[in-house]
Every structure is written in structure tokens, then in C-alpha cells.
file run-v5.cif (mmCIF, C-alpha atoms and all ligand atoms)
data_model
loop_
_atom_site.label_atom_id
_atom_site.label_comp_id
_atom_site.auth_asym_id
_atom_site.auth_seq_id
_atom_site.Cartn_x
_atom_site.Cartn_y
_atom_site.Cartn_z
CA MET A 15 24.74 -9.62 27.52
CA ILE A 16 21.75 -7.63 26.42
CA ALA A 17 21.06 -6.99 30.11
CA ASP A 18 24.59 -5.54 30.48
CA LEU A 19 24.05 -3.27 27.51
CA ALA A 20 20.65 -2.26 28.88
CA ALA A 21 22.23 -1.40 32.24
CA ARG A 22 24.79 0.84 30.51
CA LEU A 23 22.41 2.54 28.04
CA GLY A 24 22.52 6.32 28.20
CA ASP A 25 20.14 8.78 26.58
CA VAL A 26 21.12 7.72 23.06
CA PRO A 27 19.32 4.60 21.83
CA ALA A 28 21.37 1.73 20.46
CA TYR A 29 21.07 -1.00 17.91
CA VAL A 30 22.54 -4.30 19.03
CA TYR A 31 23.26 -7.02 16.51
CA ASP A 32 23.89 -10.56 17.71
CA LEU A 33 26.30 -11.81 15.07
CA ALA A 34 26.72 -15.25 16.64
CA ALA A 35 22.97 -15.82 16.48
CA LEU A 36 22.91 -14.60 12.88
CA ASP A 37 25.79 -16.92 12.00
CA ALA A 38 23.98 -19.92 13.52
CA HIS A 39 20.67 -18.98 11.86
CA ALA A 40 22.28 -18.57 8.44
CA ALA A 41 24.03 -21.93 8.84
CA ARG A 42 20.65 -23.57 9.57
CA VAL A 43 19.05 -21.91 6.55
CA ARG A 44 21.97 -23.01 4.38
CA ALA A 45 21.73 -26.62 5.57
CA ALA A 46 17.95 -26.77 5.14
CA THR A 47 18.13 -25.44 1.58
CA SER A 48 21.10 -27.48 0.36
CA GLY A 49 20.99 -27.95 -3.39
CA ILE A 50 19.30 -24.56 -3.80
CA GLU A 51 21.34 -21.42 -4.48
CA LEU A 52 21.04 -18.95 -1.62
CA TYR A 53 21.41 -15.20 -2.18
CA TYR A 54 20.76 -12.63 0.56
CA ALA A 55 18.57 -9.66 -0.42
CA VAL A 56 20.79 -6.79 0.76
CA LYS A 57 17.98 -4.25 0.99
CA ALA A 58 16.72 -5.95 4.17
CA ASN A 59 19.87 -4.78 5.99
CA PRO A 60 23.13 -3.78 4.26
CA ASP A 61 25.17 -3.31 7.49
CA PRO A 62 28.74 -4.46 6.69
CA ALA A 63 29.08 -6.58 9.86
CA ILE A 64 25.81 -8.33 8.99
CA LEU A 65 26.95 -8.93 5.41
CA ARG A 66 30.34 -10.27 6.58
CA THR A 67 28.58 -12.71 8.91
CA LEU A 68 26.28 -13.93 6.13
CA GLU A 69 28.90 -14.10 3.37
CA PRO A 70 30.30 -17.59 4.12
CA HIS A 71 26.77 -19.03 4.09
CA VAL A 72 25.46 -17.56 0.85
CA ASP A 73 26.23 -18.17 -2.81
CA GLY A 74 25.71 -14.51 -3.58
CA PHE A 75 23.91 -11.28 -2.81
CA GLU A 76 20.88 -9.72 -4.46
CA VAL A 77 21.26 -5.95 -4.86
CA SER A 78 18.60 -3.51 -5.99
CA SER A 79 20.51 -0.34 -6.83
CA GLY A 80 23.85 0.91 -8.08
CA GLY A 81 24.59 1.99 -4.53
CA GLU A 82 24.00 -1.49 -3.13
CA PHE A 83 26.00 -2.99 -5.99
CA ASP A 84 29.01 -0.78 -5.22
CA HIS A 85 28.71 -1.33 -1.45
CA VAL A 86 28.67 -5.13 -1.74
CA SER A 87 31.30 -5.31 -4.52
CA ALA A 88 33.70 -3.29 -2.38
CA LEU A 89 33.16 -5.59 0.61
CA PHE A 90 33.40 -8.88 -1.32
CA PRO A 91 35.24 -8.50 -4.63
CA GLY A 92 34.36 -11.37 -6.93
CA LYS A 93 31.28 -12.49 -5.00
CA ARG A 94 28.32 -13.28 -7.21
CA LEU A 95 25.76 -10.48 -7.34
CA ALA A 96 22.30 -10.44 -8.85
CA PHE A 97 21.25 -6.89 -9.74
CA GLY A 98 17.49 -6.34 -9.79
CA GLY A 99 15.04 -3.56 -9.23
CA PRO A 100 12.82 -1.50 -11.53
CA GLY A 101 14.10 1.78 -12.93
CA LYS A 102 17.78 1.12 -13.58
CA THR A 103 19.78 4.11 -14.79
CA ALA A 104 22.24 4.08 -17.68
CA SER A 105 25.07 3.95 -15.13
CA ASP A 106 23.41 0.97 -13.36
CA LEU A 107 23.38 -0.88 -16.66
CA THR A 108 27.14 -0.43 -17.13
CA ARG A 109 27.84 -2.48 -14.00
CA ARG A 110 28.70 -6.13 -14.44
CA PRO A 111 26.87 -8.37 -11.98
CA TYR A 112 26.79 -12.15 -12.25
CA ARG A 113 23.12 -11.82 -13.22
CA PHE A 114 20.99 -8.85 -14.20
CA HIS A 115 17.31 -9.18 -13.47
CA VAL A 116 15.78 -7.51 -16.50
CA GLU A 117 12.53 -5.68 -15.78
CA SER A 118 11.42 -4.61 -19.27
CA PRO A 119 12.11 -5.19 -22.98
CA ARG A 120 13.66 -1.69 -23.07
CA GLU A 121 16.13 -2.64 -20.35
CA LEU A 122 17.14 -5.73 -22.32
CA ASP A 123 17.72 -3.54 -25.41
CA LEU A 124 19.93 -1.17 -23.41
CA LEU A 125 22.24 -3.92 -22.10
CA GLU A 126 25.41 -4.21 -24.13
CA SER A 127 26.36 -7.60 -22.68
CA GLY A 128 25.92 -9.78 -19.62
CA ASP A 129 23.83 -12.66 -18.36
CA VAL A 130 20.24 -11.95 -17.49
CA LEU A 131 17.17 -13.41 -15.92
CA LEU A 132 13.82 -12.08 -17.14
CA ARG A 133 11.71 -10.92 -14.21
CA VAL A 134 8.16 -12.18 -14.56
CA ASN A 135 5.14 -10.60 -12.91
CA LEU A 136 2.43 -13.23 -12.54
CA ARG A 137 -1.09 -12.58 -11.38
CA THR A 138 -1.33 -15.50 -9.02
CA GLU A 139 -3.27 -16.16 -5.90
CA THR A 140 -1.18 -14.73 -3.08
CA ALA A 141 -3.85 -14.89 -0.38
CA GLY A 142 -2.33 -14.56 3.06
CA ALA A 143 0.63 -12.57 1.77
CA ALA A 144 1.65 -9.52 3.80
CA LEU A 145 2.54 -7.73 0.59
CA ALA A 146 1.77 -8.77 -2.98
CA MET A 147 4.48 -7.47 -5.30
CA SER A 148 2.13 -6.68 -8.17
CA GLY A 149 2.12 -3.37 -10.01
CA PRO A 150 5.15 -2.21 -12.00
CA PHE A 151 7.59 -4.98 -11.11
CA GLY A 152 8.88 -7.13 -13.93
CA MET A 153 6.99 -8.16 -17.02
CA ASP A 154 3.77 -9.98 -17.76
CA PRO A 155 4.13 -13.22 -19.76
CA ALA A 156 3.47 -11.41 -23.07
CA MET A 157 6.36 -9.02 -22.39
CA VAL A 158 8.61 -11.95 -21.45
CA ALA A 159 7.74 -13.60 -24.76
CA GLU A 160 8.55 -10.29 -26.48
CA CYS A 161 12.02 -10.31 -24.84
CA ARG A 162 12.65 -13.82 -26.04
CA ARG A 163 11.81 -12.83 -29.62
CA ARG A 164 14.07 -9.76 -29.70
CA PRO A 165 17.68 -9.90 -30.78
CA ALA A 166 19.61 -9.15 -27.57
CA LYS A 167 23.30 -8.63 -26.82
CA ALA A 168 22.85 -9.97 -23.30
CA ARG A 169 22.37 -13.67 -22.79
CA ILE A 170 19.04 -14.86 -21.35
CA ARG A 171 19.82 -17.46 -18.68
CA GLY A 172 16.37 -17.92 -17.18
CA ILE A 173 13.66 -16.24 -15.21
CA HIS A 174 13.25 -14.47 -11.91
CA ALA A 175 10.21 -13.59 -9.83
CA HIS A 176 9.52 -12.13 -6.41
CA LEU A 177 5.76 -12.21 -6.12
CA ALA A 178 4.81 -11.83 -2.48
CA SER A 179 6.14 -11.58 1.04
CA GLY A 180 4.94 -13.08 4.28
CA LEU A 181 4.06 -16.55 2.98
CA ASP A 182 4.63 -19.89 4.71
CA ALA A 183 6.72 -22.72 3.24
CA ALA A 184 3.81 -24.54 1.57
CA ALA A 185 2.47 -21.39 -0.10
CA LEU A 186 5.94 -20.32 -1.25
CA THR A 187 6.65 -23.79 -2.65
CA GLY A 188 3.40 -23.61 -4.65
CA LEU A 189 4.39 -20.19 -5.93
CA ALA A 190 7.86 -21.46 -6.88
CA LYS A 191 6.28 -24.22 -8.96
CA THR A 192 4.10 -21.67 -10.79
CA ILE A 193 7.18 -19.56 -11.51
CA ALA A 194 9.27 -22.54 -12.64
CA ASP A 195 6.51 -23.50 -15.10
CA HIS A 196 7.29 -20.26 -16.95
CA ALA A 197 10.93 -21.22 -17.56
CA ARG A 198 12.22 -23.17 -20.51
CA PRO A 199 13.85 -26.56 -19.87
CA GLY A 200 17.37 -26.20 -18.47
CA GLU A 201 16.97 -22.51 -17.59
CA GLU A 202 17.83 -21.00 -14.23
CA VAL A 203 14.93 -20.08 -12.00
CA CYS A 204 15.11 -17.55 -9.18
CA VAL A 205 11.98 -17.45 -7.04
CA GLY A 206 12.79 -14.45 -4.84
CA GLY A 207 12.29 -13.97 -1.11
CA GLY A 208 9.21 -13.32 0.98
CA MET A 209 9.58 -16.00 3.68
CA ALA A 210 7.18 -15.17 6.51
CA VAL A 211 8.34 -13.45 9.70
CA ASP A 212 5.74 -13.45 12.47
CA TYR A 213 6.15 -10.28 14.54
CA ALA A 214 3.20 -11.20 16.74
CA ASP A 215 4.81 -14.53 17.62
CA PRO A 216 8.62 -14.41 17.27
CA ALA A 217 8.87 -18.12 18.13
CA ASN A 218 6.81 -19.02 15.03
CA LEU A 219 9.71 -19.45 12.61
CA PHE A 220 9.54 -20.05 8.88
CA ASP A 221 9.88 -23.77 8.12
CA TRP A 222 13.12 -23.77 6.13
CA ALA A 223 13.37 -27.57 6.13
CA ALA A 224 9.94 -27.96 4.50
CA TYR A 225 10.73 -25.21 2.01
CA GLY A 226 14.08 -26.76 1.06
CA GLU A 227 12.44 -30.13 0.57
CA GLY A 228 9.60 -28.61 -1.46
CA LEU A 229 12.00 -26.71 -3.70
CA ARG A 230 14.26 -29.71 -4.31
CA GLY A 231 11.11 -31.63 -5.26
CA LEU A 232 10.50 -29.26 -8.17
CA GLY A 233 13.44 -30.84 -9.99
CA VAL A 234 14.81 -27.55 -11.37
CA GLN A 235 18.55 -27.86 -11.96
CA THR A 236 19.53 -24.33 -10.94
CA LEU A 237 17.01 -22.94 -8.50
CA ARG A 238 17.77 -19.81 -6.48
CA ILE A 239 16.14 -18.06 -3.54
CA GLU A 240 16.86 -14.57 -2.21
CA PRO A 241 15.53 -14.15 1.34
CA GLY A 242 15.92 -10.83 3.13
CA ARG A 243 13.67 -10.32 6.14
CA ALA A 244 13.68 -13.93 7.35
CA MET A 245 17.49 -13.97 7.33
CA THR A 246 18.24 -10.93 9.46
CA ALA A 247 15.08 -9.82 11.31
CA TYR A 248 15.82 -11.89 14.41
CA CYS A 249 19.44 -10.83 15.05
CA GLY A 250 18.75 -7.14 15.73
CA TRP A 251 17.54 -5.27 18.82
CA TYR A 252 16.78 -1.59 19.32
CA LEU A 253 17.45 -0.47 22.90
CA THR A 254 15.76 2.65 24.19
CA LYS A 255 15.15 4.21 27.58
CA VAL A 256 11.85 5.30 29.15
CA LEU A 257 11.91 9.08 29.66
CA ASP A 258 8.40 9.64 30.94
CA VAL A 259 5.20 7.77 31.73
CA LYS A 260 1.93 9.70 31.80
CA ARG A 261 -1.80 9.32 31.40
CA VAL A 262 -3.36 11.72 28.86
CA HIS A 263 -7.17 11.76 28.59
CA GLY A 264 -7.19 8.38 30.25
CA GLU A 265 -4.62 6.73 27.93
CA LEU A 266 -1.29 5.66 29.38
CA PHE A 267 1.80 6.56 27.35
CA ALA A 268 5.46 5.70 27.83
CA ILE A 269 7.77 8.16 26.06
CA LEU A 270 11.03 6.53 24.99
CA THR A 271 14.31 7.91 23.68
CA GLY A 272 14.63 7.73 19.90
CA GLY A 273 11.62 6.88 17.81
CA THR A 274 10.39 5.51 14.55
CA HIS A 275 13.00 7.58 12.68
CA HIS A 276 15.38 4.89 13.98
CA LEU A 277 13.02 1.91 13.99
CA ARG A 278 10.56 2.35 11.18
CA THR A 279 9.34 -1.27 11.06
CA PRO A 280 6.22 -0.89 13.27
CA VAL A 281 5.00 2.07 11.20
CA THR A 282 5.54 0.45 7.82
CA LYS A 283 4.08 -2.89 8.92
CA GLY A 284 1.34 -1.39 11.10
CA HIS A 285 2.18 -3.75 13.94
CA ASP A 286 3.26 -3.65 17.58
CA GLN A 287 7.01 -4.23 17.73
CA PRO A 288 7.73 -7.08 20.18
CA PHE A 289 9.90 -6.06 23.16
CA THR A 290 11.45 -7.05 26.47
CA VAL A 291 11.65 -4.67 29.44
CA PHE A 292 14.73 -4.31 31.66
CA GLY A 293 13.28 -2.35 34.52
CA SER A 294 12.06 -1.95 38.03
CA GLY A 295 8.88 -3.96 37.57
CA GLY A 296 5.46 -3.29 39.07
CA PRO A 297 1.99 -4.14 37.86
CA GLU A 298 1.42 -4.48 34.11
CA GLU A 299 -0.92 -1.96 32.55
CA GLU A 300 -2.16 -1.23 29.07
CA VAL A 301 0.31 1.28 27.66
CA THR A 302 1.24 2.85 24.32
CA LEU A 303 5.00 3.09 23.64
CA VAL A 304 5.99 6.18 21.68
CA GLY A 305 9.24 7.93 20.71
CA GLN A 306 10.47 11.52 20.85
CA LEU A 307 9.12 12.65 17.48
CA CYS A 308 6.48 15.39 17.36
CA THR A 309 3.95 13.34 15.44
CA PRO A 310 1.15 11.08 16.69
CA LYS A 311 2.45 8.45 14.26
CA ASP A 312 5.62 7.89 16.29
CA VAL A 313 4.29 4.69 17.88
CA PHE A 314 6.31 1.51 18.55
CA ALA A 315 3.47 -0.49 20.10
CA ARG A 316 -0.11 0.49 20.86
CA ARG A 317 -2.10 -0.47 23.97
CA VAL A 318 0.04 -3.43 24.94
CA ARG A 319 0.49 -4.75 28.48
CA ALA A 320 3.75 -3.86 30.23
CA ALA A 321 5.15 -2.45 33.47
CA LEU A 322 7.16 0.64 32.54
CA ASN A 323 8.83 3.29 34.69
CA PRO A 324 11.15 6.19 33.83
CA GLY A 325 14.71 4.90 33.53
CA ASP A 326 13.65 1.41 32.42
CA VAL A 327 15.16 0.10 29.19
CA VAL A 328 12.95 -1.33 26.46
CA ALA A 329 14.66 -3.72 24.04
CA PHE A 330 12.64 -4.00 20.85
CA ALA A 331 13.24 -7.37 19.22
CA MET A 332 13.18 -8.38 15.55
CA ALA A 333 14.90 -5.17 14.56
CA GLY A 334 17.48 -6.67 12.20
CA ALA A 335 15.61 -6.27 8.89
CA TYR A 336 13.87 -3.28 7.31
CA ALA A 337 14.54 -1.39 10.54
CA TYR A 338 17.29 1.25 10.77
CA ASN A 339 18.08 1.14 7.05
CA ILE A 340 14.52 2.10 6.00
CA SER A 341 14.18 4.84 8.62
CA HIS A 342 14.47 8.59 8.16
CA HIS A 343 17.22 9.20 10.66
CA ASP A 344 17.42 12.95 10.40
CA PHE A 345 13.82 13.72 11.39
CA LEU A 346 13.97 16.31 14.23
CA MET A 347 17.79 16.16 14.39
CA HIS A 348 17.86 13.74 17.30
CA PRO A 349 21.15 11.85 17.69
CA LYS A 350 21.68 8.73 15.65
CA PRO A 351 21.60 5.44 17.58
CA GLU A 352 24.81 3.74 18.63
CA PHE A 353 25.67 0.35 17.14
CA HIS A 354 26.96 -2.60 19.11
CA TYR A 355 27.92 -5.97 17.67
CA VAL A 356 27.87 -8.81 20.16
CA SER A 357 28.28 -12.56 20.01
CA GLY A 358 25.59 -14.30 21.94
CA MET A 359 22.44 -12.90 23.45
CA PRO A 360 20.75 -14.85 26.23
C1 LIG B 401 12.85 -7.36 -1.31
C2 LIG B 401 13.20 -8.44 -2.24
C3 LIG B 401 13.59 -9.69 -1.77
C4 LIG B 401 13.60 -10.04 -0.30
O1 LIG B 401 12.31 -10.09 0.21
P1 LIG B 401 12.06 -10.50 1.75
O2 LIG B 401 10.58 -10.34 1.91
O3 LIG B 401 12.82 -9.53 2.58
O4 LIG B 401 12.52 -11.89 1.93
C5 LIG B 401 13.98 -10.64 -2.70
N1 LIG B 401 13.94 -10.38 -4.02
C6 LIG B 401 13.56 -9.19 -4.52
C7 LIG B 401 13.55 -8.96 -5.98
C8 LIG B 401 13.16 -8.18 -3.65
O5 LIG B 401 12.77 -7.01 -4.14
#

call {"tool": "encode", "arguments": {"input": "run-v5.cif", "output": "C-alpha cells"}}
result
Amino acid sequence: MIADLAARLGDVPAYVYDLAALDAHAARVRAATSGIELYYAVKANPDPAILRTLEPHVDGFEVSSGGEFDHVSALFPGKRLAFGGPGKTASDLTRRPYRFHVESPRELDLLESGDVLLRVNLRTETAGAALAMSGPFGMDPAMVAECRRRPAKARIRGIHAHLASGLDAAALTGLAKTIADHARPGEEVCVGGGMAVDYADPANLFDWAAYGEGLRGLGVQTLRIEPGRAMTAYCGWYLTKVLDVKRVHGELFAILTGGTHHLRTPVTKGHDQPFTVFGSGGPEEEVTLVGQLCTPKDVFARRVRAALNPGDVVAFAMAGAYAYNISHHDFLMHPKPEFHYVSGMP
């Protein structure tokens, strides 16, 4: 299937989403985390076809802006939404999600009604995390205590935290326990996302079974997770064609259609995006894969081994999360990629 699409690819790159694979993956995640509420963090990829595929498997969606709230509410009226994110505007606060994730005492004061979780920011050991969500997010324990003392029109239902990303099941379970210890008995606890995705080794999958078991072991009555990256990263591919191959000052470059204005992930993560080549073969050489943008930063993968010739198609894998939707598509006015939704990659 992907080979067919590769054979037909013109000069415009394409995103390909394997919805059958996503459906199967989401079903596995759902089964492994039974007893735990599962929300998908929409900011990882808000594509409507992706959201429709996930919807039957999730209890709700986590949205981080008024725009995401409106987008998801229009697609799934009545579906439970958790609305988080720092810096909510007055208009954001008039929306009515199932849960607001309150980020400051001021935000709690501004809410006229609703059910809220207090977002806690804990200084915990997040060694090994790809990204520690410290800084301005949420409230330190003293601010949380301040919220609990204030008279509020909204109802405090529990606590929320999203402390790090890129952690394995054991580390995330430990973090969940630390978070749950900050809740009062009977309160809801949402422990966020951050399940590790290994771009260097796509076969090294997050251990959902161990995580589900670990979370159930915490004995919290209503426990919620909100994965983003680890839900959708694997179902997306970015297909691009080799335009030119040349050696400049001794370094071999392959210039591909499109660029990191379509697939921003390797720039933001500072990694080599994994890929498969559909091409004419030949000996593998060390080559740097770049796009069409006039900046030396437009690099998909640096000094990796591959056999690339003009006309070959490169299919970048793991392009289903924080990929097109975090990219700056209009850089240099190149055409936008095409989108194809298929059921079943090889
Ligand atoms: C981004 C985010 C998530 C999802 O994180 P992933 O690393 O993509 O799993 C979950 N919760 C909150 C509050 C977030 O900001």
C-alpha cells in the first residue's frame, strides 16, 4: 500500500495516515489500561480522521485552547473534554468542558461555574525525561493549598499534572503515585501524558500493559491519563521524493521535496527521523537528508546510511504526532502536502 503510494508520488509530498493501524493500536492501549480513564491529548495531532478513529476507544479528549475545544466539540458533540493549558482568555473560560484544568488561583476566581481539577507543578526527579514540564505550568503545592482555601464558584473535583514526557512505564507509574499523593481521598487524579516514543528504535514500544497494571495498583478510584505522542506517532508517514543527490565539500546530501515546514519533528526533537526508501538501490553511503527550504536547519536526518538516487521516494515514519500540525507550512510558499488515509500498511 505504501509502496503503491510511493510509486504514484509526484513532486508534492504527502502525508499518509494508516487508520486501521491506529484503530488497532488504540484498541490495545484501551485494553491494557482498562479501569483507567483514557483521554487523547489533541495537540499531538488534531486531524479529524485521526480523532474519528480514536473516538470509540477514548473516554474523552484533552484540549489546550479555545480553538481545539471548538474543533473537537463540533466533531463529537457531548463527548467529554478536559480543557487545560496556561494562559486561558476570558472567552476560553466561558466554554463548558467536562473538566477545566485550573492553572492558577486567578483562573479559579474567574470561573463562574464548572468542575475543575487543580493542575499541580511538582519538582520531582524526572531524570531520563525528554522534556520536563517545569516552569510556568500549573501551581506549586502552596498555590494549590491557596486554591482550596478560597471561596470558588467552580467545584474542585481533584488534581491534574503533566510533569514530563519521554518516560518508560515504571518511571511514569512512580510519577503517578507522587501526583496521587497530592490528592485528597476520593478525588479524581489525572496524571497527564508523556509515554515514551523511541524514534531511534521504532520497535521499542511503550509498555502499556505494565503501565496499566501499575496505575491500577495505586488504588485511586478515578484515575485518568491523557497520552498524545504515544497514541498517534506510529500511524503517520511523510512521503517525499529525492530531487538531487550531491557531494558538497565532501559531504553527501540528498535534497528532497518538501521540508521541515511540513515535518517539524526532527528539528524540534533534534533527532534523525526514521525512514524507509522506495528506490533503485545501490550501495549505502553516509548521507544527510534535507528539504527544499533555504536554511541549513532544514534537515530530516544527518549523516545516516542509505542508498538514495534522484526519483527515489523516502517515507519518513513516526510522523503521526507533533509533525504536520506543529510545522510552519507557509515558509517559502512551497505547496502544502497531500493527505491520504489508508487502511493497512504492510
Ligand atoms: C502535551 C500534553 C499531553 C500529552 O503529552 P504527550 O507527551 O504527547 O503524551 C498531556 N497532557 C497535557 C496537559 C499536555 O500538555

call {"tool": "residues_near_ligand", "arguments": {"input": "run-v5.cif", "ligand": "ligand LIG 401 (chain B)", "cutoff": "8 Å", "atoms": "all atoms listed in the file", "output": "VMD selection string"}}
result
chain A and resid 54 to 58 76 78 98 to 99 175 to 176 178 to 180 205 to 210 239 to 245 335 to 336

call {"tool": "residues_around", "arguments": {"input": "run-v5.cif", "residues": "Phe353 in chain A", "least_positions_apart": "5", "cutoff": "10 Å", "atoms": "all atoms listed in the file", "output": "PyMOL selection string"}}
result
chain A and resi 27-31+252

call {"tool": "atom_distance", "arguments": {"input": "run-v5.cif", "atom1": "CA of Gly81 in chain A", "atom2": "CA of Ala146 in chain A"}}
result
25.3 Å

call {"tool": "closest_residue", "arguments": {"input": "run-v5.cif", "among": "A:Asp326, A:Asp37, A:Glu121, A:Asp312", "to": "Leu253 in chain A", "atoms": "only C-alpha atoms"}}
result
A:Asp326

call {"tool": "atom_distance", "arguments": {"input": "run-v5.cif", "atom1": "CA of Leu219 in chain A", "atom2": "CA of Tyr248 in chain A"}}
result
9.9 Å

call {"tool": "closest_residue", "arguments": {"input": "run-v5.cif", "among": "A:Gln287, A:Thr67, A:Thr187, A:Asn218", "to": "Ala41 in chain A", "atoms": "all atoms listed in the file"}}
result
A:Thr67

call {"tool": "closest_residue", "arguments": {"input": "run-v5.cif", "among": "A:Ala17, A:Leu125, A:Val77, A:Leu257", "to": "Gly325 in chain A", "atoms": "all atoms listed in the file"}}
result
A:Leu257

call {"tool": "residues_around", "arguments": {"input": "run-v5.cif", "residues": "range 338-349 of chain A", "least_positions_apart": "4", "cutoff": "6 Å", "atoms": "only C-alpha atoms", "output": "ChimeraX atom specification"}}
result
/A:275-278

call {"tool": "residues_around", "arguments": {"input": "run-v5.cif", "residues": "Cys249 in chain A", "least_positions_apart": "6", "cutoff": "8 Å", "atoms": "all atoms listed in the file", "output": "MDAnalysis selection string"}}
result
chainID A and resid 31:33 35:36 332:334

call {"tool": "atom_distance", "arguments": {"input": "run-v5.cif", "atom1": "CA of Ala224 in chain A", "atom2": "CA of Ala197 in chain A"}}
result
23.1 Å

call {"tool": "closest_residue", "arguments": {"input": "run-v5.cif", "among": "A:Pro165, A:Pro280, A:Gly250, A:Pro91", "to": "Ala34 in chain A", "atoms": "only C-alpha atoms"}}
result
A:Gly250

call {"tool": "residues_around", "arguments": {"input": "run-v5.cif", "residues": "range 225-236 of chain A", "least_positions_apart": "4", "cutoff": "10 Å", "atoms": "only C-alpha atoms", "output": "MDAnalysis selection string"}}
result
chainID A and resid 43:51 172 182:188 190:191 194:195 197 199:205 209 220:221

call {"tool": "write_last_selection", "arguments": {"input": "run-v5.cif", "atoms": "C-alpha atoms", "output": "tab-separated table (two decimals), keeping the file's coordinate frame"}}
result
chain	number	residue	atom	x	y	z
A	43	VAL	CA	19.05	-21.91	6.55
A	44	ARG	CA	21.97	-23.01	4.38
A	45	ALA	CA	21.73	-26.62	5.57
A	46	ALA	CA	17.95	-26.77	5.14
A	47	THR	CA	18.13	-25.44	1.58
A	48	SER	CA	21.10	-27.48	0.36
A	49	GLY	CA	20.99	-27.95	-3.39
A	50	ILE	CA	19.30	-24.56	-3.80
A	51	GLU	CA	21.34	-21.42	-4.48
A	172	GLY	CA	16.37	-17.92	-17.18
A	182	ASP	CA	4.63	-19.89	4.71
A	183	ALA	CA	6.72	-22.72	3.24
A	184	ALA	CA	3.81	-24.54	1.57
A	185	ALA	CA	2.47	-21.39	-0.10
A	186	LEU	CA	5.94	-20.32	-1.25
A	187	THR	CA	6.65	-23.79	-2.65
A	188	GLY	CA	3.40	-23.61	-4.65
A	190	ALA	CA	7.86	-21.46	-6.88
A	191	LYS	CA	6.28	-24.22	-8.96
A	194	ALA	CA	9.27	-22.54	-12.64
A	195	ASP	CA	6.51	-23.50	-15.10
A	197	ALA	CA	10.93	-21.22	-17.56
A	199	PRO	CA	13.85	-26.56	-19.87
A	200	GLY	CA	17.37	-26.20	-18.47
A	201	GLU	CA	16.97	-22.51	-17.59
A	202	GLU	CA	17.83	-21.00	-14.23
A	203	VAL	CA	14.93	-20.08	-12.00
A	204	CYS	CA	15.11	-17.55	-9.18
A	205	VAL	CA	11.98	-17.45	-7.04
A	209	MET	CA	9.58	-16.00	3.68
A	220	PHE	CA	9.54	-20.05	8.88
A	221	ASP	CA	9.88	-23.77	8.12

call {"tool": "closest_residue", "arguments": {"input": "run-v5.cif", "among": "A:Phe292, A:Ser127, A:Pro111, A:Ala337", "to": "Ala247 in chain A", "atoms": "only C-alpha atoms"}}
result
A:Ala337

call {"tool": "build_atoms", "arguments": {"input": "run-v5.cif", "residues": "range 175-181 of chain A", "atoms": "all heavy atoms", "output": "short mmCIF file (atom, residue, chain, number, x, y, z; two decimals), in the frame of the given file"}}
result
data_model
loop_
_atom_site.label_atom_id
_atom_site.label_comp_id
_atom_site.auth_asym_id
_atom_site.auth_seq_id
_atom_site.Cartn_x
_atom_site.Cartn_y
_atom_site.Cartn_z
N ALA A 175 11.48 -14.17 -10.31
CA ALA A 175 10.21 -13.59 -9.83
C ALA A 175 10.31 -13.40 -8.33
O ALA A 175 11.00 -14.13 -7.63
CB ALA A 175 9.04 -14.50 -10.17
N HIS A 176 9.65 -12.37 -7.86
CA HIS A 176 9.52 -12.13 -6.41
C HIS A 176 8.09 -11.62 -6.27
O HIS A 176 7.82 -10.46 -6.54
CB HIS A 176 10.56 -11.10 -5.95
CG HIS A 176 10.38 -10.65 -4.54
ND1 HIS A 176 10.60 -11.47 -3.45
CD2 HIS A 176 9.98 -9.45 -4.02
CE1 HIS A 176 10.36 -10.79 -2.34
NE2 HIS A 176 9.98 -9.58 -2.66
N LEU A 177 7.18 -12.52 -5.94
CA LEU A 177 5.76 -12.21 -6.12
C LEU A 177 5.05 -11.77 -4.85
O LEU A 177 4.03 -11.10 -4.93
CB LEU A 177 5.04 -13.42 -6.72
CG LEU A 177 5.54 -13.87 -8.10
CD1 LEU A 177 4.77 -15.09 -8.57
CD2 LEU A 177 5.42 -12.75 -9.12
N ALA A 178 5.54 -12.16 -3.70
CA ALA A 178 4.81 -11.83 -2.48
C ALA A 178 5.73 -11.97 -1.28
O ALA A 178 6.76 -12.63 -1.36
CB ALA A 178 3.62 -12.78 -2.31
N SER A 179 5.36 -11.34 -0.18
CA SER A 179 6.14 -11.58 1.04
C SER A 179 5.19 -11.95 2.17
O SER A 179 4.00 -11.62 2.15
CB SER A 179 6.99 -10.37 1.39
OG SER A 179 6.19 -9.36 1.95
N GLY A 180 5.73 -12.67 3.12
CA GLY A 180 4.94 -13.08 4.28
C GLY A 180 4.22 -14.40 4.10
O GLY A 180 3.22 -14.65 4.77
N LEU A 181 4.72 -15.26 3.22
CA LEU A 181 4.06 -16.55 2.98
C LEU A 181 4.78 -17.68 3.73
O LEU A 181 5.98 -17.61 3.97
CB LEU A 181 4.04 -16.86 1.50
CG LEU A 181 3.18 -15.94 0.63
CD1 LEU A 181 3.29 -16.34 -0.83
CD2 LEU A 181 1.72 -15.94 1.07
#
